[in-house]
>>> print(open('input_11.cif').read())   # mmCIF, C-alpha atoms
data_data
#
loop_
_atom_site.label_atom_id
_atom_site.label_comp_id
_atom_site.auth_asym_id
_atom_site.auth_seq_id
_atom_site.Cartn_x
_atom_site.Cartn_y
_atom_site.Cartn_z
CA MET W 150 13.13 153.01 114.00
CA HIS W 151 16.12 151.87 116.06
CA ALA W 152 19.23 150.47 114.40
CA VAL W 153 18.54 146.97 115.74
CA ASP W 154 14.97 147.07 114.42
CA THR W 155 16.23 148.21 111.03
CA ALA W 156 18.75 145.37 110.91
CA ALA W 157 16.06 142.86 111.88
CA ALA W 158 13.63 144.20 109.31
CA ALA W 159 16.30 143.91 106.61
CA TRP W 160 17.31 140.30 107.44
CA TRP W 161 16.46 139.24 103.90
CA LEU W 162 19.11 141.53 102.43
CA TRP W 163 21.90 139.22 103.59
CA PRO W 164 20.72 135.94 102.07
CA LEU W 165 19.93 137.87 98.89
CA ALA W 166 23.43 139.43 98.86
CA LEU W 167 24.87 136.00 99.62
CA PHE W 168 22.94 134.41 96.73
CA LEU W 169 24.09 137.11 94.29
CA THR W 170 27.70 136.96 95.50
CA CYS W 171 27.76 133.17 95.21
CA PHE W 172 26.17 133.35 91.76
CA VAL W 173 29.09 135.54 90.62
CA LEU W 174 31.59 133.31 92.46
CA GLY W 175 30.14 130.28 90.68
CA ILE W 176 30.71 131.92 87.28
CA VAL W 177 34.22 133.09 88.19
CA ALA W 178 35.20 129.75 89.75
CA VAL W 179 34.35 127.81 86.59
CA ILE W 180 36.15 130.25 84.30
CA ALA W 181 39.23 130.44 86.51
CA GLY W 182 39.29 126.68 87.12
CA VAL W 183 39.15 126.90 90.92
CA GLY W 184 36.72 125.31 93.37
CA GLY W 185 34.00 127.50 94.84
CA GLY W 186 35.01 126.90 98.45
CA VAL W 187 38.42 128.53 98.18
CA LEU W 188 36.76 131.78 97.03
CA PHE W 189 33.67 131.49 99.25
CA VAL W 190 35.26 131.13 102.69
CA PRO W 191 37.68 134.10 102.60
CA ILE W 192 35.25 136.42 100.78
CA VAL W 193 32.10 135.67 102.77
CA GLY W 194 34.13 135.28 105.99
CA GLY W 195 35.79 138.64 105.41
CA PHE W 196 32.96 140.78 104.10
CA PHE W 197 29.69 139.36 105.45
CA PRO W 198 28.51 139.63 109.05
CA PHE W 199 28.35 135.86 109.69
CA HIS W 200 30.72 134.15 112.12
CA LEU W 201 33.54 132.20 110.51
CA ASP W 202 32.24 128.94 112.03
CA PHE W 203 29.08 129.11 109.90
CA VAL W 204 30.97 130.31 106.83
CA ARG W 205 33.35 127.34 107.06
CA GLY W 206 30.38 124.98 107.47
CA ALA W 207 28.80 126.36 104.30
CA GLY W 208 32.21 126.33 102.57
CA VAL W 209 32.60 122.57 103.10
CA LEU W 210 29.16 122.02 101.56
CA ILE W 211 29.84 124.31 98.61
CA ALA W 212 33.10 122.55 97.76
CA LEU W 213 31.31 119.19 98.14
CA ALA W 214 28.39 120.18 95.93
CA ALA W 215 30.64 121.67 93.24
CA ALA W 216 32.68 118.45 93.14
CA LEU W 217 29.54 116.28 93.08
CA VAL W 218 28.09 118.25 90.18
CA ALA W 219 31.29 118.04 88.11
CA ALA W 220 32.38 114.47 88.93
CA PRO W 221 29.76 112.43 86.98
CA GLN W 222 30.62 114.00 83.62
CA LEU W 223 34.37 113.75 84.26
CA LEU W 224 34.00 110.08 85.23
CA ARG W 225 31.88 109.32 82.17
CA ASP W 226 34.40 111.06 79.92
CA GLY W 227 37.23 109.04 81.44
CA LEU W 228 38.87 112.22 82.77
CA ALA W 229 38.61 111.05 86.39
CA SER W 230 39.50 107.66 87.82
CA MET W 231 37.93 106.10 90.89
CA ARG W 232 40.76 103.54 91.03
CA LEU W 233 43.06 106.49 91.61
CA ALA W 234 40.63 108.44 93.81
CA VAL W 235 39.57 105.72 96.30
CA PRO W 236 42.80 105.24 98.35
CA PHE W 237 43.64 108.95 98.51
CA ALA W 238 40.05 109.92 99.30
CA LEU W 239 40.14 107.52 102.25
CA ALA W 240 43.33 109.06 103.65
CA GLY W 241 41.94 112.57 103.07
CA SER W 242 38.58 111.69 104.67
CA VAL W 243 40.10 110.51 107.94
CA PHE W 244 42.18 113.66 108.22
CA SER W 245 39.37 115.99 107.09
CA ILE W 246 37.43 114.78 110.13
CA ALA W 247 40.47 115.53 112.30
CA GLY W 248 40.79 118.99 110.72
CA ALA W 249 37.10 119.79 111.16
CA MET W 250 37.17 118.67 114.80
CA ALA W 251 40.40 120.56 115.50
CA SER W 252 38.94 123.74 114.01
CA PHE W 253 36.51 124.07 116.90
CA HIS W 254 39.41 124.09 119.37
CA VAL W 255 41.35 126.87 117.65
CA PRO W 256 40.51 130.46 118.64
CA THR W 257 38.57 132.17 115.84
CA GLN W 258 41.15 134.94 115.36
CA SER W 259 44.02 132.46 114.98
CA LEU W 260 41.94 130.43 112.54
CA GLU W 261 41.14 133.56 110.54
CA ALA W 262 44.78 134.66 110.42
CA ALA W 263 45.90 131.17 109.33
CA LEU W 264 43.14 131.11 106.71
CA GLY W 265 44.40 134.47 105.41
CA ALA W 266 47.97 133.16 105.18
CA LEU W 267 46.79 130.02 103.38
CA VAL W 268 44.67 131.98 100.89
CA LEU W 269 47.64 134.28 100.15
CA LEU W 270 49.73 131.16 99.55
CA ILE W 271 47.09 129.75 97.18
CA ALA W 272 47.05 133.07 95.27
CA LEU W 273 50.83 132.86 95.00
CA LEU W 274 50.63 129.25 93.75
CA MET W 275 48.04 130.28 91.15
CA TRP W 276 50.20 133.22 90.07
CA ARG W 277 53.32 131.10 89.72
CA SER W 278 51.16 128.45 88.03
CA PRO W 279 53.79 125.71 87.76
CA ALA W 280 53.93 123.93 84.44
CA ALA W 281 52.36 120.49 84.26
CA GLY W 282 54.65 117.77 85.52
CA ALA W 283 55.77 115.01 83.20
CA SER W 284 53.47 111.97 83.21
CA ALA W 285 55.01 108.84 84.65
CA ARG W 286 55.75 106.23 81.98
CA SER W 287 55.78 103.10 84.14
CA ALA W 288 54.46 101.88 87.51
CA GLY W 289 56.83 103.36 90.02
CA ASP W 290 56.44 101.82 93.47
CA ALA W 291 55.24 98.68 95.13
CA LEU W 292 52.12 100.27 96.62
CA ALA W 293 51.01 101.71 93.26
CA HIS W 294 51.52 98.26 91.78
CA ALA W 295 49.52 96.60 94.56
CA LEU W 296 46.68 99.11 94.15
CA GLY W 297 46.74 98.86 90.37
CA LEU W 298 47.17 102.60 89.99
CA LYS W 299 47.38 102.66 86.25
CA GLY W 300 44.99 102.95 83.37
CA ALA W 301 44.30 104.76 80.15
CA TYR W 302 42.23 107.74 79.12
CA ILE W 303 41.38 109.43 75.85
CA ASP W 304 42.40 113.08 75.76
CA PRO W 305 39.41 114.93 74.25
CA ALA W 306 41.78 117.62 72.92
CA ASP W 307 43.47 115.35 70.39
CA GLY W 308 41.49 112.09 70.70
CA ARG W 309 44.62 110.13 71.57
CA ARG W 310 44.64 107.30 74.10
CA ALA W 311 47.21 107.96 76.83
CA GLU W 312 48.38 105.38 79.36
CA TRP W 313 48.91 106.60 82.91
CA PHE W 314 50.82 105.25 85.92
CA ALA W 315 51.06 106.60 89.46
CA HIS W 316 54.39 107.15 91.22
CA ARG W 317 55.39 107.94 94.81
CA THR W 318 52.17 106.51 96.28
CA PRO W 319 53.26 106.62 99.97
CA ALA W 320 54.21 110.30 99.60
CA GLY W 321 50.87 110.86 97.88
CA LEU W 322 49.01 109.34 100.83
CA VAL W 323 50.86 111.65 103.22
CA ALA W 324 50.11 114.64 100.99
CA PHE W 325 46.39 113.82 100.77
CA SER W 326 46.23 113.34 104.53
CA ALA W 327 47.65 116.84 105.04
CA ILE W 328 45.40 118.31 102.36
CA GLY W 329 42.35 116.63 103.93
CA PHE W 330 43.26 118.11 107.30
CA LEU W 331 43.56 121.64 105.87
CA GLY W 332 40.30 121.27 103.94
CA GLY W 333 38.46 120.18 107.10
CA LEU W 334 40.11 122.86 109.21
CA PHE W 335 39.21 125.79 106.96
CA GLY W 336 36.08 124.47 105.24
CA LEU W 337 37.67 124.47 101.80
CA GLY W 338 37.70 122.09 98.89
CA ALA W 339 41.31 121.46 98.05
CA GLY W 340 41.60 121.27 94.28
CA TRP W 341 44.42 123.84 94.53
CA ALA W 342 46.49 121.21 96.39
CA ASN W 343 45.03 117.95 95.02
CA VAL W 344 45.99 118.70 91.44
CA PRO W 345 49.70 119.45 92.13
CA ALA W 346 49.86 116.41 94.45
CA LEU W 347 48.52 114.10 91.73
CA ASN W 348 50.34 115.70 88.82
CA LEU W 349 53.64 117.08 90.12
CA LEU W 350 54.22 114.58 92.94
CA MET W 351 52.69 111.38 91.56
CA GLY W 352 53.17 111.86 87.83
CA VAL W 353 49.48 111.55 86.91
CA PRO W 354 48.65 113.40 83.65
CA LEU W 355 47.32 116.90 84.34
CA LYS W 356 43.83 116.44 82.90
CA LEU W 357 43.30 113.20 84.78
CA ALA W 358 44.64 114.90 87.95
CA VAL W 359 42.12 117.77 87.60
CA GLY W 360 39.20 115.37 87.07
CA THR W 361 40.21 112.94 89.81
CA SER W 362 40.69 115.82 92.25
CA GLY W 363 36.94 116.45 91.99
CA ALA W 364 36.16 112.79 92.70
CA ILE W 365 38.42 112.95 95.76
CA ILE W 366 36.78 116.14 97.09
CA ALA W 367 33.34 114.52 96.62
CA ALA W 368 34.41 111.85 99.13
CA VAL W 369 36.71 113.85 101.45
CA ASN W 370 34.36 116.76 102.16
CA ALA W 371 31.39 114.53 103.03
CA PRO W 372 32.61 113.38 106.48
CA ALA W 373 33.88 116.90 107.23
CA ALA W 374 30.43 118.24 106.36
CA TRP W 375 28.86 115.83 108.89
CA ILE W 376 31.25 117.04 111.61
CA TYR W 377 30.26 120.68 110.97
CA PHE W 378 26.62 119.59 110.78
CA HIS W 379 26.62 117.85 114.17
CA GLN W 380 28.61 120.60 115.83
CA GLY W 381 25.84 123.05 114.87
CA ALA W 382 27.93 125.03 112.37
CA MET W 383 25.42 124.77 109.53
CA LEU W 384 23.02 127.68 109.26
CA PRO W 385 20.41 127.09 106.54
CA ILE W 386 20.10 130.86 105.96
CA ILE W 387 23.80 130.87 104.94
CA ALA W 388 24.30 127.41 103.44
CA ALA W 389 21.18 127.08 101.28
CA PRO W 390 21.28 130.39 99.32
CA SER W 391 25.03 129.97 98.87
CA LEU W 392 24.64 126.46 97.45
CA ILE W 393 21.88 127.46 95.06
CA GLY W 394 23.73 130.64 94.01
CA ILE W 395 27.03 128.95 93.31
CA MET W 396 25.44 126.03 91.45
CA LEU W 397 23.43 128.35 89.19
CA GLY W 398 26.51 130.54 88.69
CA ALA W 399 28.61 127.52 87.73
CA ARG W 400 26.03 126.54 85.09
CA VAL W 401 26.18 130.06 83.62
CA GLY W 402 29.98 130.01 83.94
CA VAL W 403 30.24 126.94 81.73
CA HIS W 404 28.51 128.89 78.91
CA VAL W 405 30.39 132.16 79.53
CA PHE W 406 33.66 130.21 79.63
CA ARG W 407 33.70 129.79 75.85
CA ARG W 408 33.49 133.53 75.18
CA LEU W 409 35.89 134.92 77.77
CA HIS W 410 39.64 135.17 78.00
CA ALA W 411 40.27 132.68 80.82
CA ALA W 412 43.78 133.99 81.59
CA ARG W 413 42.41 137.48 82.34
CA ILE W 414 39.75 136.05 84.65
CA ARG W 415 42.45 134.03 86.38
CA HIS W 416 44.34 137.26 87.10
CA ILE W 417 41.17 138.78 88.53
CA VAL W 418 40.70 135.72 90.76
CA ILE W 419 44.29 136.01 91.99
CA ALA W 420 43.65 139.69 92.81
CA ILE W 421 40.42 138.74 94.65
CA LEU W 422 42.23 136.00 96.60
CA LEU W 423 45.04 138.40 97.52
CA PHE W 424 42.52 140.96 98.76
CA ALA W 425 40.35 138.42 100.61
CA GLY W 426 43.42 136.67 102.05
CA MET W 427 44.86 139.96 103.24
CA ARG W 428 41.48 140.88 104.77
CA ALA W 429 41.33 137.54 106.65
CA LEU W 430 44.94 137.87 107.81
CA LEU W 431 44.44 141.45 109.03
CA LYS W 432 41.08 140.60 110.62
CA GLY W 433 42.62 137.62 112.40
CA THR W 434 45.56 139.65 113.67
CA GLY W 435 43.22 142.43 114.80
CA LEU W 436 44.65 145.03 112.41
CA TRP W 437 41.43 145.38 110.33
CA THR W 438 38.38 144.47 112.37
CA MET V 50 37.76 92.22 80.67
CA ASP V 51 41.07 93.99 81.39
CA LEU V 52 41.81 96.27 84.31
CA ASN V 53 40.89 99.36 82.33
CA ASP V 54 37.43 98.03 81.51
CA GLU V 55 36.86 97.23 85.18
CA ASN V 56 37.97 100.74 86.12
CA GLU V 57 35.54 102.15 83.59
CA GLU V 58 32.67 100.12 85.03
CA ALA V 59 33.35 101.49 88.52
CA ASP V 60 33.69 105.03 87.14
CA LEU V 61 30.32 104.77 85.38
CA LEU V 62 28.67 103.37 88.50
CA PHE V 63 29.97 106.26 90.61
CA ALA V 64 28.96 108.75 87.91
CA ARG V 65 25.38 107.44 87.90
CA CYS V 66 25.03 107.43 91.70
CA LEU V 67 26.59 110.86 92.17
CA LYS V 68 24.49 112.47 89.44
CA ILE V 69 21.14 111.14 90.69
CA GLY V 70 21.95 111.93 94.34
CA THR V 71 23.24 115.42 93.61
CA MET V 72 20.26 116.41 91.48
CA LEU V 73 17.88 115.09 94.13
CA SER V 74 19.59 116.84 97.04
CA LEU V 75 20.07 120.19 95.29
CA GLY V 76 16.44 120.11 94.15
CA LEU V 77 15.38 119.37 97.73
CA ILE V 78 17.54 122.19 99.10
CA ALA V 79 16.03 124.67 96.60
CA ALA V 80 12.46 123.60 97.49
CA GLU V 81 13.19 123.66 101.23
CA LEU V 82 14.78 127.11 100.97
CA ALA V 83 11.70 128.41 99.15
CA ALA V 84 9.45 126.96 101.89
CA TYR V 85 11.71 128.48 104.58
CA LEU V 86 12.10 131.99 103.18
CA GLY V 87 8.63 132.06 101.66
CA GLY V 88 7.09 131.44 105.08
CA ALA V 89 5.28 128.20 104.17
CA LEU V 90 6.65 126.67 107.38
CA SER V 91 7.46 128.82 110.39
CA PRO V 92 11.15 128.64 111.38
CA TYR V 93 12.36 127.56 114.81
CA VAL V 94 14.68 130.60 114.96
CA PRO V 95 12.67 133.62 113.75
CA LEU V 96 14.23 135.18 110.65
CA ARG V 97 14.06 138.65 112.24
CA ASN V 98 16.25 137.44 115.13
CA LEU V 99 19.02 136.03 112.96
CA PRO V 100 20.97 139.26 112.26
CA SER V 101 21.55 139.74 115.98
CA ILE V 102 23.00 136.25 116.51
CA TRP V 103 24.59 134.98 113.29
CA ALA V 104 27.82 136.85 114.06
CA LEU V 105 28.22 134.97 117.35
CA PRO V 106 30.64 132.03 117.64
CA MET V 107 28.84 128.73 117.09
CA LYS V 108 28.43 127.74 120.75
CA GLU V 109 27.14 131.19 121.73
CA TYR V 110 24.72 131.06 118.80
CA LEU V 111 23.44 127.65 119.86
CA ALA V 112 22.89 128.91 123.40
CA ALA V 113 21.30 132.22 122.34
CA ALA V 114 18.93 130.56 119.86
CA HIS V 115 18.28 127.51 122.08
CA VAL V 116 19.26 125.33 119.15
CA PRO V 117 20.15 121.66 119.61
CA ALA V 118 23.37 120.26 118.17
CA GLY V 119 23.90 116.69 116.95
CA TRP V 120 20.80 114.80 115.86
CA GLY V 121 18.54 117.16 117.84
CA TRP V 122 17.46 118.77 114.57
CA LEU V 123 15.34 115.73 113.74
CA ALA V 124 12.81 116.77 116.38
CA LEU V 125 12.48 120.15 114.64
CA ILE V 126 12.14 118.84 111.10
CA GLY V 127 8.70 120.41 110.73
CA ARG V 128 10.10 123.92 111.11
CA GLY V 129 11.11 125.92 108.03
CA ASP V 130 14.79 126.29 108.94
CA TYR V 131 15.37 122.68 110.01
CA LEU V 132 13.55 121.32 106.99
CA ASN V 133 16.62 122.47 105.00
CA PHE V 134 18.74 119.94 106.87
CA ILE V 135 17.12 117.04 104.97
CA GLY V 136 18.64 118.17 101.68
CA ILE V 137 21.95 119.06 103.32
CA ALA V 138 22.15 115.65 105.05
CA LEU V 139 21.39 113.92 101.76
CA LEU V 140 24.10 115.95 99.98
CA ALA V 141 26.61 114.87 102.62
CA SER V 142 25.57 111.20 102.23
CA ILE V 143 25.64 110.79 98.45
CA SER V 144 29.27 109.72 98.15
CA GLY V 145 28.76 107.10 100.90
CA ILE V 146 25.79 105.61 99.03
CA ALA V 147 27.88 105.51 95.83
CA TYR V 148 30.68 103.72 97.71
CA LEU V 149 28.17 101.16 99.02
CA PHE V 150 27.17 100.29 95.46
CA ALA V 151 30.86 100.16 94.54
CA VAL V 152 31.52 97.56 97.28
CA ARG V 153 29.16 95.17 95.49
CA LEU V 154 30.85 95.82 92.19
CA TYR V 155 34.36 95.33 93.56
CA LEU V 156 33.33 92.10 95.29
CA ALA V 157 31.72 90.82 92.10
CA ARG V 158 35.04 91.50 90.36
CA ARG V 159 36.94 89.76 93.20
CA ASP V 160 38.82 93.01 93.83
CA ARG V 161 38.96 92.48 97.60
CA LEU V 162 41.43 95.29 98.24
CA TYR V 163 39.22 97.95 96.67
CA ALA V 164 36.12 96.42 98.26
CA ALA V 165 37.87 96.81 101.64
CA LEU V 166 38.90 100.39 100.85
CA ALA V 167 35.34 101.24 99.83
CA VAL V 168 33.97 99.65 103.03
CA ALA V 169 36.50 101.67 105.05
CA GLN V 170 35.35 104.88 103.30
CA VAL V 171 31.72 104.08 104.17
CA LEU V 172 32.69 103.38 107.80
CA VAL V 173 34.58 106.70 108.03
CA LEU V 174 31.53 108.52 106.70
CA LEU V 175 29.24 106.62 109.08
CA ALA V 176 31.49 107.50 112.02
CA ALA V 177 31.25 111.18 111.11
CA ALA V 178 27.52 111.03 110.35
CA SER V 179 26.71 109.20 113.59
CA GLY V 180 27.69 112.25 115.62
CA LEU V 181 29.73 110.10 118.00
CA LEU V 182 32.99 111.81 117.02
CA ASN V 183 31.55 115.20 117.92
CA SER V 184 31.22 114.13 121.53
CA ILE V 185 35.01 113.80 121.73
CA GLY V 186 36.42 117.04 123.12
CA GLY V 187 34.39 120.08 123.96
CA GLY V 188 35.85 122.60 121.55
CA ARG V 189 36.36 126.27 122.26
CA PRO V 190 33.94 127.80 124.78
#
>>> encode(input="input_11.cif", output="structure tokens")
Amino acid sequence: MHAVDTAAAAWWLWPLALFLTCFVLGIVAVIAGVGGGVLFVPIVGGFFPFHLDFVRGAGVLIALAAALVAAPQLLRDGLASMRLAVPFALAGSVFSIAGAMASFHVPTQSLEAALGALVLLIALLMWRSPAAGASARSAGDALAHALGLKGAYIDPADGRRAEWFAHRTPAGLVAFSAIGFLGGLFGLGAGWANVPALNLLMGVPLKLAVGTSGAIIAAVNAPAAWIYFHQGAMLPIIAAPSLIGIMLGARVGVHVFRRLHAARIRHIVIAILLFAGMRALLKGTGLWT
Amino acid sequence: MDLNDENEEADLLFARCLKIGTMLSLGLIAAELAAYLGGALSPYVPLRNLPSIWALPMKEYLAAAHVPAGWGWLALIGRGDYLNFIGIALLASISGIAYLFAVRLYLARRDRLYAALAVAQVLVLLAAASGLLNSIGGGRP
């Protein structure tokens, strides 16, 4: 049998491998506290035979689905706020469309190299893991006041009611516009950037920032997904097994989470991101094809 | 009702919409994938041909597989591979549906600013979903 015939006969191996990989990614993502998309795009883009266009298309969907699955519980528990999410999601959505559209004008190799650099940066951010910023104690700017960006939530850790206020709203809008663009460009969810923007820049308490980040991704990635969809960058053979795999993995991850040392898993994820980021960077620059 | 109670009402509304929509779309995607890979519906692009074309850049893939972009998939909805697009399209629409419900809630609360922001979010999603934006610029060859 010729090589081509063998490859054709074994077509099912790839969706199966993709499902299993995404199942593991779903477990790891929950334990490490990262979105699935940021792991999916560099790993599947670097080590599977699919073109990056289709991997990014599936990546947008995976980040969207992961956020949609998590958001309802976080909203019910008061750990995410739509009052906070709505204005920043709108800014991010407009620019995620721009990012998704721009991505089809950038040569694949340049996109891959930039993705590698970004993933290495994310790994560095996770490694440095900046301490939570101090929560703002009073409404800080006119725009936050006009939007009513304040509220209260009950921290499930100690049961205490904590008031929150948002600061530096104009800077936050600029940050979420940039984050939306990058998410659309590379097919990522952007929890890695949303959380620091809400917590460190705007003074939103860390837990509320983590929860609201999911609600923002649920809105921001939807228009980007439609852009990929209409361009033709959605392959069901890639997107569907990945979605099912990562969702099932995330469900298992929630149960495994209680028994594992999360810090150790986080180190493993950083190592994976470094490796996958380096692979994407070297592939994009033509040094490791 | 203070501002926090109103926030909570909107949060619960979004939570309900997102949960129902997500469960429905992921269930659909799982069923459609089973029909696709299980051979219940023959695919438009034969599964055996995929390994030779899925590494191609998007535009080359579309040309090699004679696949339509934009809303062209609707004409192929009876084929195993394009059936999957129903669940994917629903997944990408859930947040817009939740925002539509939120518009009603914000208007009922006389929160015109947030009603306008929610309408703007729906319009952005509609612009992307319409496919009109994809006709702007040709992209890389």
>>> residues_around(input="input_11.cif", residues="Leu269 in chain W", least_positions_apart="6", cutoff="12 Å", atoms="all atoms listed in the file", output="ChimeraX atom specification")
/W:187-188,191,262-263,275-276,418-431
>>> write_last_selection(input="input_11.cif", atoms="C-alpha atoms", output="mmCIF file, in the coordinates of the input")
data_model
loop_
_atom_site.group_PDB
_atom_site.id
_atom_site.type_symbol
_atom_site.label_atom_id
_atom_site.label_comp_id
_atom_site.auth_asym_id
_atom_site.auth_seq_id
_atom_site.Cartn_x
_atom_site.Cartn_y
_atom_site.Cartn_z
ATOM 1 C CA VAL W 187 38.420 128.530 98.180
ATOM 2 C CA LEU W 188 36.760 131.780 97.030
ATOM 3 C CA PRO W 191 37.680 134.100 102.600
ATOM 4 C CA ALA W 262 44.780 134.660 110.420
ATOM 5 C CA ALA W 263 45.900 131.170 109.330
ATOM 6 C CA MET W 275 48.040 130.280 91.150
ATOM 7 C CA TRP W 276 50.200 133.220 90.070
ATOM 8 C CA VAL W 418 40.700 135.720 90.760
ATOM 9 C CA ILE W 419 44.290 136.010 91.990
ATOM 10 C CA ALA W 420 43.650 139.690 92.810
ATOM 11 C CA ILE W 421 40.420 138.740 94.650
ATOM 12 C CA LEU W 422 42.230 136.000 96.600
ATOM 13 C CA LEU W 423 45.040 138.400 97.520
ATOM 14 C CA PHE W 424 42.520 140.960 98.760
ATOM 15 C CA ALA W 425 40.350 138.420 100.610
ATOM 16 C CA GLY W 426 43.420 136.670 102.050
ATOM 17 C CA MET W 427 44.860 139.960 103.240
ATOM 18 C CA ARG W 428 41.480 140.880 104.770
ATOM 19 C CA ALA W 429 41.330 137.540 106.650
ATOM 20 C CA LEU W 430 44.940 137.870 107.810
ATOM 21 C CA LEU W 431 44.440 141.450 109.030
#
>>> residues_near_point(input="input_11.cif", point="(25.6, 115.6, 118.1)", cutoff="7 Å", atoms="only C-alpha atoms", output="MDAnalysis selection string")
(chainID W and resid 379:380) or (chainID V and resid 118:120 180:181 183:184)
>>> write_last_selection(input="input_11.cif", atoms="C-alpha atoms", output="compact mmCIF listing (two decimals), in the coordinates of the input")
# COMPACT_ATOMS: atom_id res chain seq x y z
CA HIS W 379 26.62 117.85 114.17
CA GLN W 380 28.61 120.60 115.83
CA ALA V 118 23.37 120.26 118.17
CA GLY V 119 23.90 116.69 116.95
CA TRP V 120 20.80 114.80 115.86
CA GLY V 180 27.69 112.25 115.62
CA LEU V 181 29.73 110.10 118.00
CA ASN V 183 31.55 115.20 117.92
CA SER V 184 31.22 114.13 121.53
>>> resolve_selection(input="input_11.cif", expression="the PyMOL selection byres ((chain W and resi 356) around 10)", output="PDB file with C-alpha atoms, keeping the file's coordinate frame")
ATOM      1  CA  LEU W 223      34.370 113.750  84.260  1.00  0.00           C
ATOM      2  CA  LEU W 228      38.870 112.220  82.770  1.00  0.00           C
ATOM      3  CA  ALA W 229      38.610 111.050  86.390  1.00  0.00           C
ATOM      4  CA  ALA W 281      52.360 120.490  84.260  1.00  0.00           C
ATOM      5  CA  TYR W 302      42.230 107.740  79.120  1.00  0.00           C
ATOM      6  CA  ASP W 304      42.400 113.080  75.760  1.00  0.00           C
ATOM      7  CA  PRO W 305      39.410 114.930  74.250  1.00  0.00           C
ATOM      8  CA  VAL W 344      45.990 118.700  91.440  1.00  0.00           C
ATOM      9  CA  ASN W 348      50.340 115.700  88.820  1.00  0.00           C
ATOM     10  CA  VAL W 353      49.480 111.550  86.910  1.00  0.00           C
ATOM     11  CA  PRO W 354      48.650 113.400  83.650  1.00  0.00           C
ATOM     12  CA  LEU W 355      47.320 116.900  84.340  1.00  0.00           C
ATOM     13  CA  LEU W 357      43.300 113.200  84.780  1.00  0.00           C
ATOM     14  CA  ALA W 358      44.640 114.900  87.950  1.00  0.00           C
ATOM     15  CA  VAL W 359      42.120 117.770  87.600  1.00  0.00           C
ATOM     16  CA  GLY W 360      39.200 115.370  87.070  1.00  0.00           C
ATOM     17  CA  THR W 361      40.210 112.940  89.810  1.00  0.00           C
ATOM     18  CA  SER W 362      40.690 115.820  92.250  1.00  0.00           C
TER      19      SER W 362
END
>>> resolve_selection(input="input_11.cif", expression="the PyMOL selection byres ((chain W) within 6 of (chain V))", output="short mmCIF file (atom, residue, chain, number, x, y, z; two decimals) with C-alpha atoms, in the frame of the given file")
data_model
loop_
_atom_site.label_atom_id
_atom_site.label_comp_id
_atom_site.auth_asym_id
_atom_site.auth_seq_id
_atom_site.Cartn_x
_atom_site.Cartn_y
_atom_site.Cartn_z
CA ALA W 157 16.06 142.86 111.88
CA PRO W 198 28.51 139.63 109.05
CA PHE W 199 28.35 135.86 109.69
CA HIS W 200 30.72 134.15 112.12
CA PRO W 221 29.76 112.43 86.98
CA LEU W 224 34.00 110.08 85.23
CA ARG W 225 31.88 109.32 82.17
CA MET W 231 37.93 106.10 90.89
CA LEU W 239 40.14 107.52 102.25
CA PHE W 253 36.51 124.07 116.90
CA HIS W 254 39.41 124.09 119.37
CA GLY W 300 44.99 102.95 83.37
CA ALA W 368 34.41 111.85 99.13
CA ALA W 371 31.39 114.53 103.03
CA PRO W 372 32.61 113.38 106.48
CA TRP W 375 28.86 115.83 108.89
CA ILE W 376 31.25 117.04 111.61
CA HIS W 379 26.62 117.85 114.17
CA GLN W 380 28.61 120.60 115.83
CA GLY W 381 25.84 123.05 114.87
#
>>> resolve_selection(input="input_11.cif", expression="the PyMOL selection byres ((chain W and resi 367) around 9)", output="MDAnalysis selection string")
(chainID W and resid 212:217 220 238 362:366 368:371) or (chainID V and resid 67 143:144)
>>> atom_distance(input="input_11.cif", atom1="CA of Phe189 in chain W", atom2="CA of Ser326 in chain W")
22.7 Å
>>> closest_residue(input="input_11.cif", among="W:Leu165, W:Leu337, W:Ile414, W:Leu274", to="Gly402 in chain W", atoms="all atoms listed in the file")
W:Ile414
>>> residues_around(input="input_11.cif", residues="Phe172 in chain W", least_positions_apart="4", cutoff="6 Å", atoms="all atoms listed in the file", output="ChimeraX atom specification")
/W:394-395,398
>>> atom_distance(input="input_11.cif", atom1="CA of Gly435 in chain W", atom2="CA of Gly186 in chain W")
24.0 Å
>>> axis_aligned_box(input="input_11.cif", around="range 165-171 of chain V", padding_each_side="3 Å", output="AutoDock Vina command-line options")
--center_x 35.3 --center_y 100.8 --center_z 102.4 --size_x 13.2 --size_y 14.1 --size_z 11.2
>>> atom_distance(input="input_11.cif", atom1="CA of Ala339 in chain W", atom2="CA of Gln222 in chain W")
19.4 Å
>>> closest_residue(input="input_11.cif", among="W:Trp313, W:Trp161, W:Phe203, W:Phe244", to="Val190 in chain W", atoms="all atoms listed in the file")
W:Phe203
>>> decode(input="input_11.cif", residues="range 155-159 of chain V", atoms="N, CA and C atoms", output="short mmCIF file (atom, residue, chain, number, x, y, z; two decimals), in the first residue's frame")
data_model
loop_
_atom_site.label_atom_id
_atom_site.label_comp_id
_atom_site.auth_asym_id
_atom_site.auth_seq_id
_atom_site.Cartn_x
_atom_site.Cartn_y
_atom_site.Cartn_z
N TYR V 155 -33.02 45.18 31.03
CA TYR V 155 -32.46 46.51 31.29
C TYR V 155 -33.50 47.60 31.01
N LEU V 156 -34.29 47.40 29.94
CA LEU V 156 -35.32 48.41 29.63
C LEU V 156 -36.39 48.43 30.71
N ALA V 157 -36.76 47.25 31.19
CA ALA V 157 -37.76 47.18 32.26
C ALA V 157 -37.27 47.90 33.51
N ARG V 158 -35.94 47.89 33.71
CA ARG V 158 -35.34 48.55 34.88
C ARG V 158 -35.00 50.01 34.59
N ARG V 159 -35.35 50.47 33.39
CA ARG V 159 -35.03 51.84 32.95
C ARG V 159 -33.52 52.10 32.96
#
